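Chemist: mmCIF, C-alpha atoms, file data-v2.cif:
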data_structure
#
loop_
_atom_site.label_atom_id
_atom_site.label_comp_id
_atom_site.auth_asym_id
_atom_site.auth_seq_id
_atom_site.Cartn_x
_atom_site.Cartn_y
_atom_site.Cartn_z
CA MET S 3 85.59 -37.68 -10.01
CA ASN S 4 87.12 -41.11 -9.49
CA LYS S 5 90.46 -40.38 -11.13
CA TYR S 6 91.24 -37.42 -8.89
CA TRP S 7 94.84 -37.27 -10.17
CA GLU S 8 93.66 -36.34 -13.66
CA LEU S 9 93.10 -32.73 -14.77
CA THR S 10 89.49 -31.60 -14.76
CA LYS S 11 89.92 -29.44 -17.87
CA ALA S 12 92.25 -29.07 -20.83
CA LEU S 13 95.02 -26.53 -20.31
CA PRO S 14 95.53 -23.93 -23.08
CA ASN S 15 99.05 -25.19 -23.80
CA GLU S 16 99.23 -28.88 -24.76
CA ALA S 17 102.80 -29.31 -23.50
CA ASN S 18 101.80 -27.89 -20.12
CA HIS S 19 98.80 -30.21 -20.02
CA GLU S 20 100.95 -33.28 -20.63
CA ALA S 21 103.64 -32.29 -18.11
CA VAL S 22 101.16 -31.46 -15.35
CA SER S 23 99.27 -34.70 -16.02
CA GLU S 24 102.50 -36.70 -15.66
CA PHE S 25 103.37 -34.84 -12.46
CA LEU S 26 99.97 -35.55 -10.87
CA LEU S 27 100.22 -39.20 -11.86
CA SER S 28 103.65 -39.37 -10.21
CA LEU S 29 102.07 -38.10 -6.98
CA LYS S 30 99.47 -40.85 -7.19
CA VAL S 31 102.16 -43.50 -7.77
CA ALA S 32 104.11 -42.09 -4.80
CA ASN S 33 101.01 -42.67 -2.60
CA ARG S 34 100.46 -39.01 -1.84
CA SER S 35 97.08 -38.45 -0.24
CA ARG S 36 93.95 -37.81 -2.28
CA THR S 37 93.50 -34.41 -0.62
CA THR S 38 97.08 -33.34 -1.41
CA ILE S 39 96.78 -34.34 -5.07
CA ILE S 40 93.45 -32.52 -5.47
CA LEU S 41 94.94 -29.36 -3.94
CA TYR S 42 97.99 -29.58 -6.20
CA ARG S 43 95.76 -30.18 -9.22
CA GLY S 44 93.56 -27.18 -8.42
CA PHE S 45 96.46 -24.75 -8.17
CA LEU S 46 98.28 -26.03 -11.28
CA GLU S 47 95.07 -25.79 -13.31
CA ARG S 48 94.69 -22.19 -12.17
CA PHE S 49 98.31 -21.22 -12.82
CA PHE S 50 98.67 -22.84 -16.24
CA SER S 51 95.28 -21.51 -17.33
CA ASP S 52 96.64 -17.99 -16.73
CA ILE S 53 100.15 -18.65 -18.04
CA LYS S 54 99.80 -20.08 -21.52
CA VAL S 55 103.52 -20.13 -22.38
CA ASP S 56 105.22 -23.54 -22.63
CA PHE S 57 106.43 -24.53 -19.14
CA THR S 58 110.00 -24.93 -20.48
CA GLU S 59 110.00 -21.27 -21.54
CA ILE S 60 108.35 -19.61 -18.55
CA SER S 61 110.88 -17.24 -17.00
CA SER S 62 111.38 -16.46 -13.32
CA GLU S 63 110.19 -12.91 -14.04
CA VAL S 64 106.86 -14.12 -15.44
CA ILE S 65 106.28 -16.39 -12.45
CA LEU S 66 107.21 -13.66 -9.97
CA GLU S 67 104.88 -11.20 -11.70
CA TRP S 68 102.01 -13.70 -11.46
CA PHE S 69 102.59 -14.18 -7.73
CA GLN S 70 102.86 -10.44 -7.18
CA ARG S 71 99.41 -10.05 -8.73
CA ILE S 72 97.82 -12.40 -6.20
CA ASN S 73 99.91 -11.15 -3.26
CA GLY S 74 97.63 -9.47 -0.76
CA LYS S 75 94.62 -11.39 -2.06
CA VAL S 76 95.62 -14.66 -0.35
CA LYS S 77 97.13 -15.52 3.01
CA GLU S 78 100.90 -15.94 3.33
CA THR S 79 100.37 -19.61 4.14
CA SER S 80 98.49 -20.04 0.84
CA LEU S 81 101.18 -18.11 -1.02
CA ARG S 82 103.88 -20.38 0.36
CA PHE S 83 101.81 -23.45 -0.49
CA TYR S 84 101.36 -22.29 -4.11
CA LEU S 85 105.08 -21.69 -4.44
CA SER S 86 105.80 -25.14 -2.98
CA VAL S 87 103.46 -26.79 -5.49
CA LEU S 88 105.07 -25.03 -8.42
CA ALA S 89 108.55 -25.80 -7.08
CA SER S 90 107.60 -29.49 -6.78
CA PHE S 91 106.31 -29.49 -10.33
CA TYR S 92 109.54 -27.99 -11.67
CA ASN S 93 111.69 -30.36 -9.61
CA PHE S 94 109.76 -33.21 -11.22
CA CYS S 95 110.47 -31.70 -14.66
CA ILE S 96 114.20 -31.58 -13.84
CA GLN S 97 114.16 -35.23 -12.72
CA GLU S 98 112.45 -36.15 -15.98
CA GLU S 99 115.10 -34.10 -17.84
CA TYR S 100 112.57 -31.72 -19.36
CA LEU S 101 114.56 -28.86 -17.83
CA LYS S 102 118.04 -28.30 -16.46
CA ARG S 103 117.13 -25.79 -13.75
CA THR S 104 114.08 -24.49 -11.95
CA PRO S 105 112.84 -20.92 -12.43
CA ILE S 106 111.60 -20.87 -8.81
CA LYS S 107 113.78 -18.84 -6.42
CA ARG S 108 114.11 -19.85 -2.77
CA ARG S 109 114.11 -16.19 -1.67
CA TRP S 110 110.51 -15.83 -2.87
CA PHE S 111 109.17 -18.03 -0.08
CA PRO S 112 107.70 -15.95 2.78
CA ARG S 113 109.08 -16.81 6.20
CA LEU S 114 106.19 -17.84 8.39
CA PRO S 115 106.21 -17.85 12.19
CA GLN S 116 106.37 -21.38 13.55
CA PRO S 117 103.09 -22.07 15.36
CA ILE S 118 103.13 -23.52 18.85
CA PRO S 119 101.01 -26.70 18.99
CA LYS S 120 97.81 -26.33 21.00
CA TYR S 121 97.70 -28.96 23.72
CA LEU S 122 95.76 -29.69 26.90
CA GLU S 123 97.17 -28.79 30.30
CA ARG S 124 97.06 -31.56 32.89
CA GLU S 125 94.04 -30.01 34.62
CA GLU S 126 92.25 -29.94 31.26
CA ILE S 127 93.17 -33.57 30.58
CA ALA S 128 91.61 -34.53 33.93
CA LYS S 129 88.42 -32.56 33.14
CA THR S 130 88.21 -34.15 29.68
CA ARG S 131 88.58 -37.68 31.05
CA GLN S 132 86.03 -36.95 33.77
CA GLN S 133 83.56 -35.72 31.17
CA SER S 134 84.15 -38.76 28.94
CA GLU S 135 83.05 -41.02 31.80
CA LYS S 136 79.53 -39.66 31.25
CA GLU S 137 79.67 -40.89 27.67
CA SER S 138 79.11 -44.32 26.15
CA LEU S 139 81.78 -46.99 26.48
CA ARG S 140 82.69 -46.49 22.81
CA ASN S 141 83.22 -42.75 23.24
CA GLN S 142 85.29 -43.28 26.39
CA ALA S 143 87.52 -45.77 24.56
CA LEU S 144 87.81 -43.46 21.54
CA LEU S 145 88.94 -40.49 23.61
CA GLU S 146 91.39 -42.52 25.70
CA PHE S 147 92.86 -44.17 22.63
CA MET S 148 93.42 -40.87 20.84
CA LEU S 149 94.85 -39.28 23.96
CA THR S 150 97.36 -42.06 24.69
CA SER S 151 98.30 -43.27 21.20
CA GLY S 152 98.86 -39.97 19.39
CA CYS S 153 97.18 -41.30 16.24
CA ARG S 154 95.70 -39.12 13.52
CA ILE S 155 91.91 -39.18 13.20
CA SER S 156 92.18 -40.78 9.74
CA GLU S 157 94.36 -43.55 11.20
CA VAL S 158 91.85 -44.24 13.96
CA HIS S 159 89.04 -44.33 11.40
CA ARG S 160 90.82 -47.07 9.41
CA LEU S 161 91.55 -49.32 12.41
CA ASN S 162 90.15 -52.84 12.47
CA ARG S 163 89.78 -55.15 15.45
CA GLU S 164 92.44 -57.47 14.12
CA ASP S 165 94.95 -54.60 14.30
CA VAL S 166 94.68 -54.41 18.09
CA ASP S 167 96.86 -56.42 20.48
CA LEU S 168 95.31 -55.90 23.91
CA GLU S 169 97.86 -58.06 25.73
CA ASN S 170 100.84 -56.01 24.54
CA ARG S 171 98.81 -52.77 24.33
CA THR S 172 99.84 -52.11 20.75
CA VAL S 173 98.03 -51.48 17.49
CA LYS S 174 99.15 -51.61 13.85
CA VAL S 175 98.34 -48.30 12.20
CA VAL S 176 98.33 -47.42 8.49
CA GLY S 177 99.74 -43.89 8.36
CA LYS S 178 100.59 -41.42 5.63
CA GLY S 179 101.93 -42.96 2.44
CA LYS S 180 100.31 -46.24 3.55
CA LYS S 181 103.23 -46.84 5.92
CA ILE S 182 102.43 -49.32 8.69
CA ARG S 183 103.74 -48.61 12.18
CA GLU S 184 103.10 -50.03 15.63
CA VAL S 185 101.91 -47.63 18.30
CA HIS S 186 101.18 -48.11 21.99
CA PHE S 187 98.30 -47.14 24.26
CA SER S 188 97.73 -46.95 28.01
CA GLU S 189 96.61 -49.66 30.39
CA LYS S 190 93.38 -47.75 31.05
CA CYS S 191 92.77 -47.63 27.30
CA ALA S 192 93.35 -51.39 27.03
CA ILE S 193 90.72 -52.03 29.73
CA LEU S 194 88.20 -49.76 28.00
CA LEU S 195 88.88 -51.29 24.59
CA GLU S 196 88.48 -54.83 25.93
CA ARG S 197 85.15 -53.96 27.53
CA TYR S 198 84.00 -52.12 24.41
CA ILE S 199 84.99 -54.89 21.99
CA THR S 200 83.26 -57.48 24.18
CA ALA S 201 80.06 -55.41 24.25
CA THR S 202 79.85 -54.85 20.47
CA PRO S 203 78.80 -57.30 17.70
CA GLN S 204 81.53 -59.89 17.19
CA ASN S 205 81.14 -59.82 13.40
CA ALA S 206 82.17 -56.14 13.22
CA GLN S 207 85.40 -55.56 11.28
CA ALA S 208 86.12 -51.96 12.25
CA LEU S 209 87.34 -51.11 15.74
CA PHE S 210 85.03 -48.14 16.31
CA VAL S 211 81.55 -48.69 14.96
CA THR S 212 78.03 -47.26 15.00
CA SER S 213 75.10 -48.91 16.77
CA THR S 214 74.44 -50.86 13.55
CA GLY S 215 78.02 -52.14 13.32
CA LYS S 216 79.19 -49.81 10.54
CA ARG S 217 82.60 -48.12 10.65
CA LEU S 218 82.39 -44.84 12.55
CA ALA S 219 82.79 -41.87 10.21
CA ILE S 220 85.58 -39.32 10.72
CA ARG S 221 83.01 -36.53 10.99
CA THR S 222 81.23 -38.41 13.78
CA MET S 223 84.52 -38.95 15.62
CA ASN S 224 85.24 -35.21 15.38
CA THR S 225 81.79 -34.42 16.78
CA ILE S 226 82.25 -36.83 19.70
CA ILE S 227 85.58 -35.27 20.71
CA THR S 228 84.27 -31.72 20.29
CA GLU S 229 81.18 -32.40 22.42
CA ILE S 230 83.29 -33.98 25.18
CA GLY S 231 85.43 -30.82 25.19
CA GLU S 232 82.36 -28.61 25.41
CA GLY S 233 80.98 -30.70 28.27
CA ALA S 234 84.31 -30.40 30.08
CA GLY S 235 84.08 -26.62 29.83
CA LEU S 236 87.40 -26.18 28.05
CA GLY S 237 88.20 -22.59 27.09
CA LYS S 238 89.38 -23.58 23.62
CA GLY S 239 87.67 -26.03 21.30
CA LEU S 240 88.71 -29.65 21.57
CA HIS S 241 89.49 -31.51 18.36
CA PRO S 242 91.33 -34.77 17.55
CA HIS S 243 94.57 -33.06 16.50
CA ARG S 244 94.73 -31.25 19.82
CA LEU S 245 94.72 -34.66 21.51
CA ARG S 246 97.60 -35.69 19.24
CA HIS S 247 99.55 -32.57 20.28
CA THR S 248 98.77 -33.35 23.92
CA PHE S 249 100.15 -36.88 23.52
CA ALA S 250 103.44 -35.53 22.15
CA THR S 251 103.65 -32.79 24.76
CA GLU S 252 103.13 -35.26 27.61
CA LEU S 253 105.90 -37.51 26.29
CA MET S 254 108.23 -34.55 25.87
CA ALA S 255 107.51 -33.31 29.41
CA LYS S 256 108.30 -36.77 30.80
CA GLY S 257 111.69 -36.82 29.07
CA ALA S 258 110.99 -39.10 26.11
CA GLU S 259 113.54 -39.08 23.30
CA LEU S 260 112.59 -37.05 20.25
CA SER S 261 113.20 -40.06 17.98
CA PHE S 262 110.75 -42.17 20.02
CA ILE S 263 108.05 -39.49 19.85
CA SER S 264 108.63 -39.14 16.12
CA GLU S 265 108.26 -42.88 15.57
CA GLU S 266 105.11 -43.13 17.68
CA MET S 267 103.48 -40.26 15.80
CA GLY S 268 104.49 -41.49 12.38
CA HIS S 269 106.48 -38.41 11.40
CA SER S 270 108.57 -38.89 8.27
CA SER S 271 111.23 -36.52 9.59
CA LEU S 272 112.53 -35.50 13.02
CA SER S 273 112.22 -31.88 11.94
CA THR S 274 108.43 -32.27 12.10
CA THR S 275 108.67 -33.40 15.72
CA GLN S 276 111.01 -30.50 16.57
CA ILE S 277 108.03 -28.18 17.06
CA TYR S 278 107.45 -29.78 20.46
CA VAL S 279 110.94 -28.83 21.63
CA ARG S 280 109.89 -25.18 21.54
CA LEU S 281 107.09 -25.75 24.05
CA PRO S 282 107.68 -24.15 27.46
CA LYS S 283 108.90 -26.58 30.10
CA ARG S 284 106.25 -27.47 32.66
CA GLU S 285 108.72 -26.85 35.48
CA ILE S 286 109.17 -23.24 34.31
CA ILE S 287 105.42 -22.74 34.03
CA ALA S 288 104.88 -24.20 37.51
CA LEU S 289 107.51 -21.89 39.05
CA TYR S 290 106.06 -18.87 37.27
CA ARG S 291 102.57 -19.61 38.58
CA LYS S 292 103.93 -20.23 42.07
CA TYR S 293 105.66 -16.86 42.32
CA MET S 294 103.67 -14.71 39.93
CA GLY S 295 100.22 -16.25 40.15
#
Translate this file's structure into structure tokens.

Modeler:
Amino acid sequence: MNKYWELTKALPNEANHEAVSEFLLSLKVANRSRTTIILYRGFLERFFSDIKVDFTEISSEVILEWFQRINGKVKETSLRFYLSVLASFYNFCIQEEYLKRTPIKRRWFPRLPQPIPKYLEREEIAKTRQQSEKESLRNQALLEFMLTSGCRISEVHRLNREDVDLENRTVKVVGKGKKIREVHFSEKCAILLERYITATPQNAQALFVTSTGKRLAIRTMNTIITEIGEGAGLGKGLHPHRLRHTFATELMAKGAELSFISEEMGHSSLSTTQIYVRLPKREIIALYRKYMG
């Protein structure tokens, strides 16, 4: 479906259909990601197929009863996501003056434990880099770039050669919401990238390409990183986002300001970067291992 922001079926209530359609279109205009809009669309189609009452007349009790019916059948993370989608929809309706207040209650949201980001220890970083040296020049450059730039896999996928400034070791990245930011990478990465770019067809537009010069697919990038991790004998699976967490953790351990880390990673809010503050200090870990083994 090309117009992924449009409903895939007619909702039983025409008013609900129109309001949800406007909401999804507003997400598209706001440059929300395709995946996000599709997930929002899927839930709203499900909810408003079950609840046929006009959205302006649906009471808090009716909504709570619907969520109580699915409670236990879905994970708490899914439950919170569904509530967030419905809350966003109703906030949109208030902004459009279809309603004066939302029927969603803040107390309904389950409190979830904050997960600790999974990152590589320094010994694991060394093993991963050592394993990458057995790979092709492209794969070496890919791993080093992801490890020292903190970019998302989708951002790396979209990179073109013209975005890279080898002299200043910076690259222009298109992040979430199509926001452009400048990120940095290591000297070792710059050397690998220069060698890789020189060795690949000069008419290639994308930075990371296949043997035929086509842009490297995200799935292929994931496979490359995973296989390097397996070759390095890491206890836990290696994936691109774990490299991103490692990048942030390394900066935090070296005393970088939270605002700098947030800017490098393309976080829209400092609160997103705050998760790295909760990571145990390396000095504490080192002392524990020294005295306790």

Chemist: With all atoms listed in the file as the counted atoms, please give the residues lying no more than 7 Å from S:Thr150, apart from itself and same-chain residues fewer than 3 positions off, as a ChimeraX atom specification.

Modeler: /S:146-147,187-188,249

Chemist: Restricting the output to C-alpha atoms, write the selected residues as a PDB file, keeping the file's coordinate frame.

Modeler:
ATOM      1  CA  GLU S 146      91.390 -42.520  25.700  1.00  0.00           C
ATOM      2  CA  PHE S 147      92.860 -44.170  22.630  1.00  0.00           C
ATOM      3  CA  PHE S 187      98.300 -47.140  24.260  1.00  0.00           C
ATOM      4  CA  SER S 188      97.730 -46.950  28.010  1.00  0.00           C
ATOM      5  CA  PHE S 249     100.150 -36.880  23.520  1.00  0.00           C
TER       6      PHE S 249
END

Chemist: Between atom CA of S:Ile127 and atom CA of S:Lys256, what is the spacing in Å?

Modeler: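 Straight-line distance from atom CA of S:Lys256 to atom CA of S:Ile127 works out to 15.5 Å.
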
Chemist: I want to know what sits within 12 Å of S:Ala128, based on all atoms listed in the file, with residues of the same chain fewer than 2 positions away left out; could you give that as JSON, numbers by chain?

Modeler: {"S": [122, 123, 124, 125, 126, 130, 131, 132, 133, 134, 135, 146, 149, 231, 234, 235, 236]}

Chemist: If we count all atoms listed in the file and set the cut-off at 10 Å, which residues sit around S:Gly44, ignoring sequence neighbours fewer than 6 positions away in its own chain? Please answer as JSON, numbers by chain.

Modeler: {"S": [9, 10, 38]}

Chemist: To one decimal place in Å, what is the distance between atom CA of S:Met223 and atom CA of S:Ile155?

Modeler: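 Between atom CA of S:Met223 and atom CA of S:Ile155 the gap is 7.8 Å.
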
Chemist: Compare S:Ala201, S:Pro105, S:Tyr100, S:Ser35 by their minimum atom-to-atom distance to S:Leu85, counting all atoms listed in the file, and give me the closest one.

Modeler: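 Closest candidate: S:Pro105.
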
Chemist: Evaluated on this file, the PyMOL selection byres ((chain S and resi 84) around 10) picks out some residues - which ones are they, written as a short mmCIF file (atom, residue, chain, number, x, y, z; two decimals) with C-alpha atoms, keeping the file's coordinate frame?

Modeler:
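Wrote expr-v8.cif, looks like this:
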data_model
loop_
_atom_site.label_atom_id
_atom_site.label_comp_id
_atom_site.auth_asym_id
_atom_site.auth_seq_id
_atom_site.Cartn_x
_atom_site.Cartn_y
_atom_site.Cartn_z
CA LEU S 41 94.94 -29.36 -3.94
CA TYR S 42 97.99 -29.58 -6.20
CA PHE S 45 96.46 -24.75 -8.17
CA LEU S 46 98.28 -26.03 -11.28
CA PHE S 49 98.31 -21.22 -12.82
CA PHE S 69 102.59 -14.18 -7.73
CA GLU S 78 100.90 -15.94 3.33
CA THR S 79 100.37 -19.61 4.14
CA SER S 80 98.49 -20.04 0.84
CA LEU S 81 101.18 -18.11 -1.02
CA ARG S 82 103.88 -20.38 0.36
CA PHE S 83 101.81 -23.45 -0.49
CA LEU S 85 105.08 -21.69 -4.44
CA SER S 86 105.80 -25.14 -2.98
CA VAL S 87 103.46 -26.79 -5.49
CA LEU S 88 105.07 -25.03 -8.42
CA ALA S 89 108.55 -25.80 -7.08
CA SER S 90 107.60 -29.49 -6.78
CA PHE S 111 109.17 -18.03 -0.08
#

Chemist: When you draw a straight line from atom CA of S:Glu157 to atom CA of S:Pro203, how long is it in Å?

Modeler: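 Atom-to-atom, atom CA of S:Glu157 to atom CA of S:Pro203, that is 21.8 Å.
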
Chemist: Return as a list in words the set of residues that the PyMOL selection byres ((chain S and resi 183) around 10) yields on the displayed structure.

Modeler: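 Selected by the PyMOL selection byres ((chain S and resi 183) around 10) in this file: Val173, Lys174, Val175, Val176, Gly177, Lys180, Lys181, Ile182, Glu184, Val185, Glu265, Glu266, Met267 and Gly268 of chain S.
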
Chemist: Evaluate the PyMOL selection byres ((chain S and resi 205) around 12) against this structure - the residues, as a ChimeraX atom specification, please.

Modeler: /S:162-164,199-204,206-209,211,214-216

Chemist: Let me make sure I understand: among S:Arg34, S:Arg154, S:Arg140, S:Arg197, which one has the smallest atom-to-atom distance to S:Leu168 if we use only C-alpha atoms?

Modeler: S:Arg197

Chemist: Between S:Ser51, S:Ser213, S:Ser62, S:Thr225, which is the closest to S:Leu145 once you count all atoms listed in the file?

Modeler: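 Among the listed residues, the smallest separation from S:Leu145 belongs to S:Thr225.
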
Chemist: Can you tell me, as a list in words, what residues are no more than 8 Å from stretch 18-29 of chain S when counting all atoms listed in the file, ignoring any on the same chain fewer than 4 positions away?

Modeler: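 The residues that qualify are Trp7, Glu8, Leu9, Ala12, Leu13, Pro14, Asn33, Arg34, Ile39, Tyr42, Arg43, Leu46, Phe50, Asp56, Phe57, Phe91, Phe94 and Cys95 of chain S.
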
Chemist: Name all residues at most 9 Å from S:Tyr198 (count all atoms listed in the file; drop same-chain ones fewer than 5 positions away) and give them as a PyMOL selection string.

Modeler: chain S and resi 139-140+143+193

Chemist: Which is closer to S:Arg48 than all the others in S:Trp110, S:Phe262, S:Trp68, S:Phe210, using only C-alpha atoms?

Modeler: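 Closest to S:Arg48, using only C-alpha atoms: S:Trp68.
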